[in-house]
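Quick notes on the structure that follows.
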Amino acid sequence: MAIYDVVAGSTNDLNFQLLDNGAPIDLTGFTVALLLENRKGVQVPSPGTVTVVTAAEGKVKLTPTNVNVFDEDNGPYYARWKLTDSFSKISYVPSSNRDVWNILGT
Amino acid sequence: MARLLTQSSNQFLSSTTVPATGVPLTFAAWYKRTAAGADVDSLIYINDNGASGGVDYFGLYVNTDGTVRAVTSDFIGGIQHIGTAHTTGAVSDGVWAHCAAVFPSTSSRTAYLNGTASTAEGTTSTPQAGQLARTYIGAFISGSSLADGSIAEAAIWTAALDAAEIASLAAGVSPLMVRPTSLLCYWPLIGQYSPEIELRSRVELTLTNGPTASSHPLIIYPSPAFSGFNSTQLVSLAATATASAVLTSVRVIFKALSATATATASGLTKFITLTKSATSTALGAISTAYFYSLPKLVKATTRFLNGLKSTKRIT
C-alpha cells in the first residue's frame, strides 16, 4: 500500500510505474484498467482514461475525466490497477492493500 | 498527524458499528497522555449503548496511575463480572506509549505497555454480543472516562496477538504488517478526515466536539520491496555492523515459508534481527520477504524475490 496526495479537482495526468518487487512490470501485451473506490465504498465509474505510456517500463497514466473525479468530500480514494494478459489472466497492483489517494483541498 | 483529544472539551470518536463481539481480540494504540486526571483515559472500547449503564464491554484504557489496563465486563444473571489485567509500568505524560490489550478467551486478558506484558488475569467475563452497540476511541461510553492526550494507530485484531507481535507494534511497526489476515480495524488517526477513516472494514469514526490533529508517533509503514538483493551485500552488512546498528538501520520482516532459515522466523511474519549467521543459503530458503529501511541500504543486483506488486508515482 502506498499513499499519494492528489489535489481536489486535478485533471492533469497522474503517472505511475507498476512494480513487481520493486522492478518495473513489463506491460507488453497487457490491458490495464484502474479500479478506484471512494471513501464510501462506491466505485468511481469513469475515473478517466488509462494509458500505457511505456509498456516495457511498466509506466501508466490516468487522465482524469473531469474536475469532479477527485472530490475532497469523497476522499480518500482507494486504487488498484487491474492487469489482464493475452491469456485473460488477471493480476492486480498493488497485490496487498490498495493504494490510498489522499485528496487535498485547494 | 495523530488525534488530540482534550478531556475538558468532551472530545472523542465513535461509531455505531460494532466490528467484533467476541474473543479472541486484540486492541492496540499509541497514546501520549497530556496529564493524569481524576478519571481513567479510555483508549479503545467496544461497549454497549449506555442505556444499561455500560456493563458489557471490551476495553483498553490507561488508569489514573498510568498503568495500562485490559478489561472485560458482562452483566449476566443480575451480576456484573469484571476482569482487569494491568501493567506494572506506567505511561509518562507527554511521551508516546504503545498500549495493548489481548483477550485470548473469556477467562483471560493481558495488558501491555511498550511491549511489556502484565500478568494474565483470569476472571470469566463474557460480554453479551447483543448488548454491544458502539465502538469508541478515547471514551468509555459517550462523554465518559475520556482520554486526555494524543492517540494514533488504533487497531483491532480478531486474534490474540502474541508477545513478539505486540513487541513489533511497540517498536513502531504498522498494524498493517502484524498478522494482517486478522487485522479487522485500523484507524491511522492521521487527523485529516471527518469522519475519521478506517482502512480495513470501513468503520469510520464520528468526531465529537472537534478533536484536532497533532504530531504522530514514528511508525514504519509497508513500502515496495526491493526487486531483489545481493545476499552477499546483506551478509557483509551484518558482518560489519554491530547488533545495535543493525537494529536501528535495517528492519526486516520475513514471511518465512521454510523452517530451515537460520533467521529466527517461523512461518509467521516476524520482526527479527539480522545476524552474522544469515547466510545466502539460509536466506534462499525464504521465498517472500518485505523490506523497509531507514535509510535504504542495498540496491537490487539480482532478482531474488517475486510476488509482491506495488506502485510508484512518477512525474
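So you can find residues: chains in the C-alpha cells are A, B, ... in the order shown, residues in each start at 1, and ligands are numbered from 1 in order.
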Practice task
Could you pull out the residues in range 8-82 of chain A that DSSP calls helix (DSSP H, G or I) from the backbone, as JSON, numbers by chain?
Solution key: {"A": [55, 56, 57, 72, 73, 74]}
Mind writing the picked residues with all heavy atoms as a short mmCIF file (atom, residue, chain, number, x, y, z; two decimals), in the first residue's frame?
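Listing of again_25.cif after writing:
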data_model
loop_
_atom_site.label_atom_id
_atom_site.label_comp_id
_atom_site.auth_asym_id
_atom_site.auth_seq_id
_atom_site.Cartn_x
_atom_site.Cartn_y
_atom_site.Cartn_z
N ALA A 55 5.31 0.49 -22.07
CA ALA A 55 4.96 -0.85 -21.61
C ALA A 55 6.15 -1.57 -20.97
O ALA A 55 6.02 -2.15 -19.89
CB ALA A 55 4.42 -1.67 -22.77
N ALA A 56 7.29 -1.52 -21.60
CA ALA A 56 8.46 -2.26 -21.10
C ALA A 56 8.89 -1.78 -19.73
O ALA A 56 9.51 -2.52 -18.96
CB ALA A 56 9.61 -2.16 -22.09
N GLU A 57 8.55 -0.53 -19.38
CA GLU A 57 8.98 0.04 -18.10
C GLU A 57 7.84 0.09 -17.09
O GLU A 57 7.99 0.67 -16.02
CB GLU A 57 9.55 1.44 -18.32
CG GLU A 57 10.81 1.45 -19.18
CD GLU A 57 11.35 2.85 -19.40
OE1 GLU A 57 10.79 3.81 -18.81
OE2 GLU A 57 12.32 3.00 -20.17
N GLU A 72 -12.94 16.24 -2.71
CA GLU A 72 -12.39 16.24 -1.35
C GLU A 72 -13.34 15.56 -0.37
O GLU A 72 -12.92 14.83 0.53
CB GLU A 72 -12.11 17.67 -0.92
CG GLU A 72 -11.32 17.78 0.38
CD GLU A 72 -11.02 19.21 0.75
OE1 GLU A 72 -11.47 20.12 0.03
OE2 GLU A 72 -10.34 19.42 1.77
N ASP A 73 -14.63 15.76 -0.54
CA ASP A 73 -15.59 15.20 0.41
C ASP A 73 -15.66 13.67 0.30
O ASP A 73 -16.06 13.00 1.25
CB ASP A 73 -16.98 15.78 0.15
CG ASP A 73 -17.07 17.24 0.57
OD1 ASP A 73 -16.21 17.68 1.37
OD2 ASP A 73 -17.97 17.95 0.09
N ASN A 74 -15.36 13.14 -0.84
CA ASN A 74 -15.45 11.70 -1.05
C ASN A 74 -14.09 11.01 -0.91
O ASN A 74 -13.99 9.80 -1.12
CB ASN A 74 -16.04 11.39 -2.42
CG ASN A 74 -17.52 11.66 -2.45
OD1 ASN A 74 -18.24 11.31 -1.53
ND2 ASN A 74 -17.99 12.30 -3.52
#
Handout entry: Distance query Gly172 in chain B at most 7 Å, only C-alpha atoms, self and fewer than 2 positions along chain excluded, as a list of chain:residue names
Key =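 The contact residues come out as B:Ser168, B:Leu169, B:Ala170, B:Ser174, B:Leu218, B:Ile219, B:Ile220.
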Kindly export the residues of the current selection with C-alpha atoms, as a CSV table (one decimal), in the first residue's frame.
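What follows is the written file out.csv:
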chain,number,residue,atom,x,y,z
B,168,SER,CA,6.7,-5.4,16.9
B,169,LEU,CA,3.9,-2.9,17.3
B,170,ALA,CA,5.7,-1.3,20.2
B,174,SER,CA,2.4,-0.5,11.4
B,218,LEU,CA,7.2,7.5,14.3
B,219,ILE,CA,5.7,4.5,12.5
B,220,ILE,CA,7.2,2.1,10.0
Please tabulate, as a tab-separated table, the residues of chain A that come within 7 Å of chain B, each with its closest pair of atoms and the distance in Å to one decimal, counting only C-alpha atoms and ordering rows by chain, then residue number upward.
residue	atom	partner	partner_atom	distance
A:Met1	CA	B:Pro222	CA	6.6
A:Ala2	CA	B:Ser223	CA	6.9
A:Asn15	CA	B:Ile314	CA	5.4
A:Phe16	CA	B:Arg313	CA	4.3
A:Gln17	CA	B:Lys312	CA	5.1
A:Leu18	CA	B:Thr311	CA	4.7
A:Leu19	CA	B:Ser310	CA	5.2
A:Asp20	CA	B:Lys309	CA	4.4
A:Asn21	CA	B:Ser227	CA	4.4
A:Gly22	CA	B:Ser227	CA	4.3
A:Ala23	CA	B:Ser227	CA	5.0
A:Val93	CA	B:Lys309	CA	5.4
A:Pro94	CA	B:Ser310	CA	4.2
A:Ser95	CA	B:Lys309	CA	5.1
Once you have the residues from the selection above, write them out as a short mmCIF file (atom, residue, chain, number, x, y, z; two decimals), in the first residue's frame, restricted to all heavy atoms.
data_model
loop_
_atom_site.label_atom_id
_atom_site.label_comp_id
_atom_site.auth_asym_id
_atom_site.auth_seq_id
_atom_site.Cartn_x
_atom_site.Cartn_y
_atom_site.Cartn_z
N MET A 1 0.86 -1.20 0.00
CA MET A 1 0.00 0.00 0.00
C MET A 1 0.88 1.24 0.00
O MET A 1 1.83 1.32 0.78
CB MET A 1 -0.88 0.00 1.26
CG MET A 1 -1.78 1.20 1.35
SD MET A 1 -2.50 1.45 2.99
CE MET A 1 -1.14 2.24 3.84
N ALA A 2 0.60 2.14 -0.89
CA ALA A 2 1.29 3.42 -0.90
C ALA A 2 0.23 4.51 -0.70
O ALA A 2 -0.96 4.29 -0.93
CB ALA A 2 2.03 3.63 -2.21
N ASN A 15 0.81 9.95 -13.22
CA ASN A 15 1.71 8.94 -13.77
C ASN A 15 2.21 7.99 -12.70
O ASN A 15 2.59 8.41 -11.62
CB ASN A 15 2.92 9.64 -14.42
CG ASN A 15 2.54 10.37 -15.68
OD1 ASN A 15 2.41 9.79 -16.75
ND2 ASN A 15 2.32 11.67 -15.55
N PHE A 16 2.23 6.72 -13.02
CA PHE A 16 2.68 5.69 -12.09
C PHE A 16 3.55 4.67 -12.81
O PHE A 16 3.48 4.52 -14.03
CB PHE A 16 1.49 4.96 -11.47
CG PHE A 16 0.62 5.83 -10.64
CD1 PHE A 16 -0.45 6.51 -11.21
CD2 PHE A 16 0.86 6.00 -9.30
CE1 PHE A 16 -1.26 7.34 -10.46
CE2 PHE A 16 0.05 6.81 -8.53
CZ PHE A 16 -1.01 7.48 -9.11
N GLN A 17 4.33 3.99 -12.02
CA GLN A 17 5.08 2.85 -12.53
C GLN A 17 4.66 1.64 -11.72
O GLN A 17 4.64 1.68 -10.49
CB GLN A 17 6.59 3.09 -12.40
CG GLN A 17 7.43 2.05 -13.08
CD GLN A 17 8.91 2.43 -13.09
OE1 GLN A 17 9.40 3.08 -12.17
NE2 GLN A 17 9.62 2.03 -14.12
N LEU A 18 4.29 0.59 -12.40
CA LEU A 18 3.82 -0.62 -11.74
C LEU A 18 5.00 -1.56 -11.54
O LEU A 18 5.76 -1.84 -12.47
CB LEU A 18 2.72 -1.29 -12.57
CG LEU A 18 1.56 -0.37 -12.97
CD1 LEU A 18 0.47 -1.16 -13.66
CD2 LEU A 18 1.02 0.39 -11.78
N LEU A 19 5.16 -2.05 -10.32
CA LEU A 19 6.36 -2.78 -9.93
C LEU A 19 6.03 -4.17 -9.42
O LEU A 19 4.99 -4.40 -8.81
CB LEU A 19 7.09 -2.00 -8.83
CG LEU A 19 7.40 -0.53 -9.11
CD1 LEU A 19 7.97 0.13 -7.86
CD2 LEU A 19 8.36 -0.40 -10.27
N ASP A 20 6.98 -5.05 -9.66
CA ASP A 20 6.92 -6.39 -9.10
C ASP A 20 8.16 -6.54 -8.24
O ASP A 20 9.26 -6.67 -8.75
CB ASP A 20 6.91 -7.44 -10.22
CG ASP A 20 6.91 -8.86 -9.67
OD1 ASP A 20 6.71 -9.04 -8.45
OD2 ASP A 20 7.09 -9.80 -10.46
N ASN A 21 7.95 -6.44 -6.93
CA ASN A 21 9.08 -6.46 -6.01
C ASN A 21 10.09 -5.38 -6.34
O ASN A 21 11.29 -5.59 -6.28
CB ASN A 21 9.76 -7.83 -6.02
CG ASN A 21 9.19 -8.73 -4.94
OD1 ASN A 21 8.41 -8.29 -4.10
ND2 ASN A 21 9.58 -9.98 -4.96
N GLY A 22 9.59 -4.24 -6.69
CA GLY A 22 10.45 -3.10 -6.94
C GLY A 22 10.94 -2.97 -8.37
O GLY A 22 11.46 -1.92 -8.74
N ALA A 23 10.76 -4.02 -9.17
CA ALA A 23 11.21 -3.96 -10.56
C ALA A 23 10.03 -3.66 -11.47
O ALA A 23 8.92 -4.16 -11.24
CB ALA A 23 11.83 -5.30 -10.96
N VAL A 93 -2.31 -4.74 -9.06
CA VAL A 93 -1.22 -3.96 -8.48
C VAL A 93 -1.81 -2.78 -7.72
O VAL A 93 -2.56 -2.01 -8.34
CB VAL A 93 -0.27 -3.43 -9.58
CG1 VAL A 93 0.89 -2.67 -8.94
CG2 VAL A 93 0.22 -4.55 -10.46
N PRO A 94 -1.55 -2.61 -6.43
CA PRO A 94 -0.73 -3.47 -5.59
C PRO A 94 -1.40 -4.80 -5.29
O PRO A 94 -2.62 -4.90 -5.37
CB PRO A 94 -0.52 -2.63 -4.34
CG PRO A 94 -1.71 -1.73 -4.30
CD PRO A 94 -2.05 -1.42 -5.72
N SER A 95 -0.58 -5.75 -4.92
CA SER A 95 -1.12 -7.07 -4.59
C SER A 95 -1.43 -7.19 -3.11
O SER A 95 -1.94 -8.23 -2.69
CB SER A 95 -0.13 -8.16 -5.01
OG SER A 95 1.15 -7.90 -4.47
#
Exercise for the section: Just the residues within 7 Å of range 5-11 of chain A, please, counting only C-alpha atoms, with nothing from its chain fewer than 3 positions along; format it as JSON, numbers by chain. Expected result: {"A": [63, 64, 66, 67, 68, 69, 70, 71, 72, 101, 102, 103, 104, 105, 106]}
Exercise for the section: Measuring atom to atom with only C-alpha atoms, identify which of B:Ala70, B:Trp157, B:Tyr186, B:Gly122 is nearest to Ser201 in chain B. Expected result: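 Going through B:Ala70, B:Trp157, B:Tyr186, B:Gly122 one by one, the smallest distance to Ser201 in chain B is for B:Tyr186.
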Exercise for the section: Would you mind reading off the distance between CA of Arg3 in chain B and CA of Thr212 in chain B, one decimal, in Å? Expected result: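 CA of Thr212 in chain B lies 5.8 Å from CA of Arg3 in chain B.
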Exercise for the section: Identify, on the basis of only C-alpha atoms, every residue whose closest approach to Leu35 in chain A does not exceed 7 Å; exclude the query and any residue fewer than 6 positions from it along the same chain; express the result as a VMD selection string. Expected result: chain A and resid 79 to 82
Could you write out that same residue set with N, CA, C and O atoms as a PDB file, in the first residue's frame?
ATOM      1  N   ALA A  79      -7.175   2.759  -4.615  1.00  0.00           N
ATOM      2  CA  ALA A  79      -6.864   2.443  -6.012  1.00  0.00           C
ATOM      3  C   ALA A  79      -6.148   1.111  -6.154  1.00  0.00           C
ATOM      4  O   ALA A  79      -5.295   0.743  -5.331  1.00  0.00           O
ATOM      5  N   ARG A  80      -6.484   0.410  -7.191  1.00  0.00           N
ATOM      6  CA  ARG A  80      -5.788  -0.817  -7.574  1.00  0.00           C
ATOM      7  C   ARG A  80      -5.843  -0.924  -9.087  1.00  0.00           C
ATOM      8  O   ARG A  80      -6.880  -0.680  -9.713  1.00  0.00           O
ATOM      9  N   TRP A  81      -4.714  -1.255  -9.708  1.00  0.00           N
ATOM     10  CA  TRP A  81      -4.615  -1.427 -11.157  1.00  0.00           C
ATOM     11  C   TRP A  81      -4.863  -2.890 -11.498  1.00  0.00           C
ATOM     12  O   TRP A  81      -4.312  -3.793 -10.873  1.00  0.00           O
ATOM     13  N   LYS A  82      -5.689  -3.102 -12.519  1.00  0.00           N
ATOM     14  CA  LYS A  82      -6.028  -4.455 -12.953  1.00  0.00           C
ATOM     15  C   LYS A  82      -5.314  -4.746 -14.263  1.00  0.00           C
ATOM     16  O   LYS A  82      -5.480  -4.025 -15.248  1.00  0.00           O
TER      17      LYS A  82
END
Problem - Nearby residues (only C-alpha atoms) at most 6 Å from range 99-110 of chain B, same-chain spacing under 6 positions excluded, as a list of chain:residue names - result: B:Val23, B:Pro24, B:Leu25, B:Thr26, B:Phe27, B:Ala28, B:Ala29, B:Leu60, B:Ala70, B:Ala85, B:Ser118, B:Ala120, B:Glu121, B:Gly122, B:Thr123, B:Thr124, B:Ser125, B:Thr126, B:Ala160
Residues from last step as file, N, CA and C atoms, as a PDB file, in the first residue's frame:
ATOM      1  N   VAL B  23     -14.319 -13.030  21.579  1.00  0.00           N
ATOM      2  CA  VAL B  23     -12.892 -13.337  21.627  1.00  0.00           C
ATOM      3  C   VAL B  23     -12.567 -14.411  20.595  1.00  0.00           C
ATOM      4  N   PRO B  24     -11.293 -14.475  20.154  1.00  0.00           N
ATOM      5  CA  PRO B  24     -10.150 -13.689  20.632  1.00  0.00           C
ATOM      6  C   PRO B  24     -10.106 -12.300  19.999  1.00  0.00           C
ATOM      7  N   LEU B  25      -9.567 -11.368  20.724  1.00  0.00           N
ATOM      8  CA  LEU B  25      -9.449  -9.988  20.271  1.00  0.00           C
ATOM      9  C   LEU B  25      -8.128  -9.401  20.752  1.00  0.00           C
ATOM     10  N   THR B  26      -7.638  -8.419  20.004  1.00  0.00           N
ATOM     11  CA  THR B  26      -6.526  -7.595  20.471  1.00  0.00           C
ATOM     12  C   THR B  26      -6.849  -6.149  20.123  1.00  0.00           C
ATOM     13  N   PHE B  27      -6.677  -5.287  21.094  1.00  0.00           N
ATOM     14  CA  PHE B  27      -6.770  -3.840  20.876  1.00  0.00           C
ATOM     15  C   PHE B  27      -5.365  -3.276  21.029  1.00  0.00           C
ATOM     16  N   ALA B  28      -5.020  -2.276  20.214  1.00  0.00           N
ATOM     17  CA  ALA B  28      -3.717  -1.628  20.370  1.00  0.00           C
ATOM     18  C   ALA B  28      -3.799  -0.202  19.871  1.00  0.00           C
ATOM     19  N   ALA B  29      -3.004   0.660  20.473  1.00  0.00           N
ATOM     20  CA  ALA B  29      -2.941   2.059  20.047  1.00  0.00           C
ATOM     21  C   ALA B  29      -1.722   2.708  20.676  1.00  0.00           C
ATOM     22  N   LEU B  60      -9.638  -1.084  26.476  1.00  0.00           N
ATOM     23  CA  LEU B  60      -8.222  -0.790  26.697  1.00  0.00           C
ATOM     24  C   LEU B  60      -8.175   0.630  27.240  1.00  0.00           C
ATOM     25  N   ALA B  70      -6.352  -3.881  30.534  1.00  0.00           N
ATOM     26  CA  ALA B  70      -7.225  -4.614  29.615  1.00  0.00           C
ATOM     27  C   ALA B  70      -8.412  -5.089  30.440  1.00  0.00           C
ATOM     28  N   ALA B  85      -6.772  -6.778  33.683  1.00  0.00           N
ATOM     29  CA  ALA B  85      -5.330  -7.006  33.774  1.00  0.00           C
ATOM     30  C   ALA B  85      -4.647  -5.648  33.734  1.00  0.00           C
ATOM     31  N   SER B 118       1.605  -7.585  31.165  1.00  0.00           N
ATOM     32  CA  SER B 118       1.177  -7.738  32.545  1.00  0.00           C
ATOM     33  C   SER B 118       1.047  -9.229  32.835  1.00  0.00           C
ATOM     34  N   ALA B 120      -1.319 -12.254  33.240  1.00  0.00           N
ATOM     35  CA  ALA B 120      -2.645 -12.519  32.692  1.00  0.00           C
ATOM     36  C   ALA B 120      -3.665 -12.586  33.821  1.00  0.00           C
ATOM     37  N   GLU B 121      -4.839 -12.048  33.578  1.00  0.00           N
ATOM     38  CA  GLU B 121      -5.898 -12.052  34.578  1.00  0.00           C
ATOM     39  C   GLU B 121      -6.995 -12.974  34.104  1.00  0.00           C
ATOM     40  N   GLY B 122      -7.566 -13.777  35.043  1.00  0.00           N
ATOM     41  CA  GLY B 122      -8.407 -14.893  34.609  1.00  0.00           C
ATOM     42  C   GLY B 122      -9.856 -14.894  35.024  1.00  0.00           C
ATOM     43  N   THR B 123     -10.444 -13.749  35.344  1.00  0.00           N
ATOM     44  CA  THR B 123     -11.870 -13.734  35.672  1.00  0.00           C
ATOM     45  C   THR B 123     -12.682 -14.109  34.437  1.00  0.00           C
ATOM     46  N   THR B 124     -13.685 -14.932  34.608  1.00  0.00           N
ATOM     47  CA  THR B 124     -14.568 -15.249  33.498  1.00  0.00           C
ATOM     48  C   THR B 124     -15.551 -14.111  33.300  1.00  0.00           C
ATOM     49  N   SER B 125     -15.513 -13.544  32.120  1.00  0.00           N
ATOM     50  CA  SER B 125     -16.376 -12.405  31.809  1.00  0.00           C
ATOM     51  C   SER B 125     -16.700 -12.469  30.330  1.00  0.00           C
ATOM     52  N   THR B 126     -17.973 -12.545  29.997  1.00  0.00           N
ATOM     53  CA  THR B 126     -18.395 -12.760  28.604  1.00  0.00           C
ATOM     54  C   THR B 126     -19.354 -11.658  28.178  1.00  0.00           C
ATOM     55  N   ALA B 160      -5.637 -13.221  19.166  1.00  0.00           N
ATOM     56  CA  ALA B 160      -4.830 -12.854  20.328  1.00  0.00           C
ATOM     57  C   ALA B 160      -3.391 -12.785  19.860  1.00  0.00           C
TER      58      ALA B 160
END
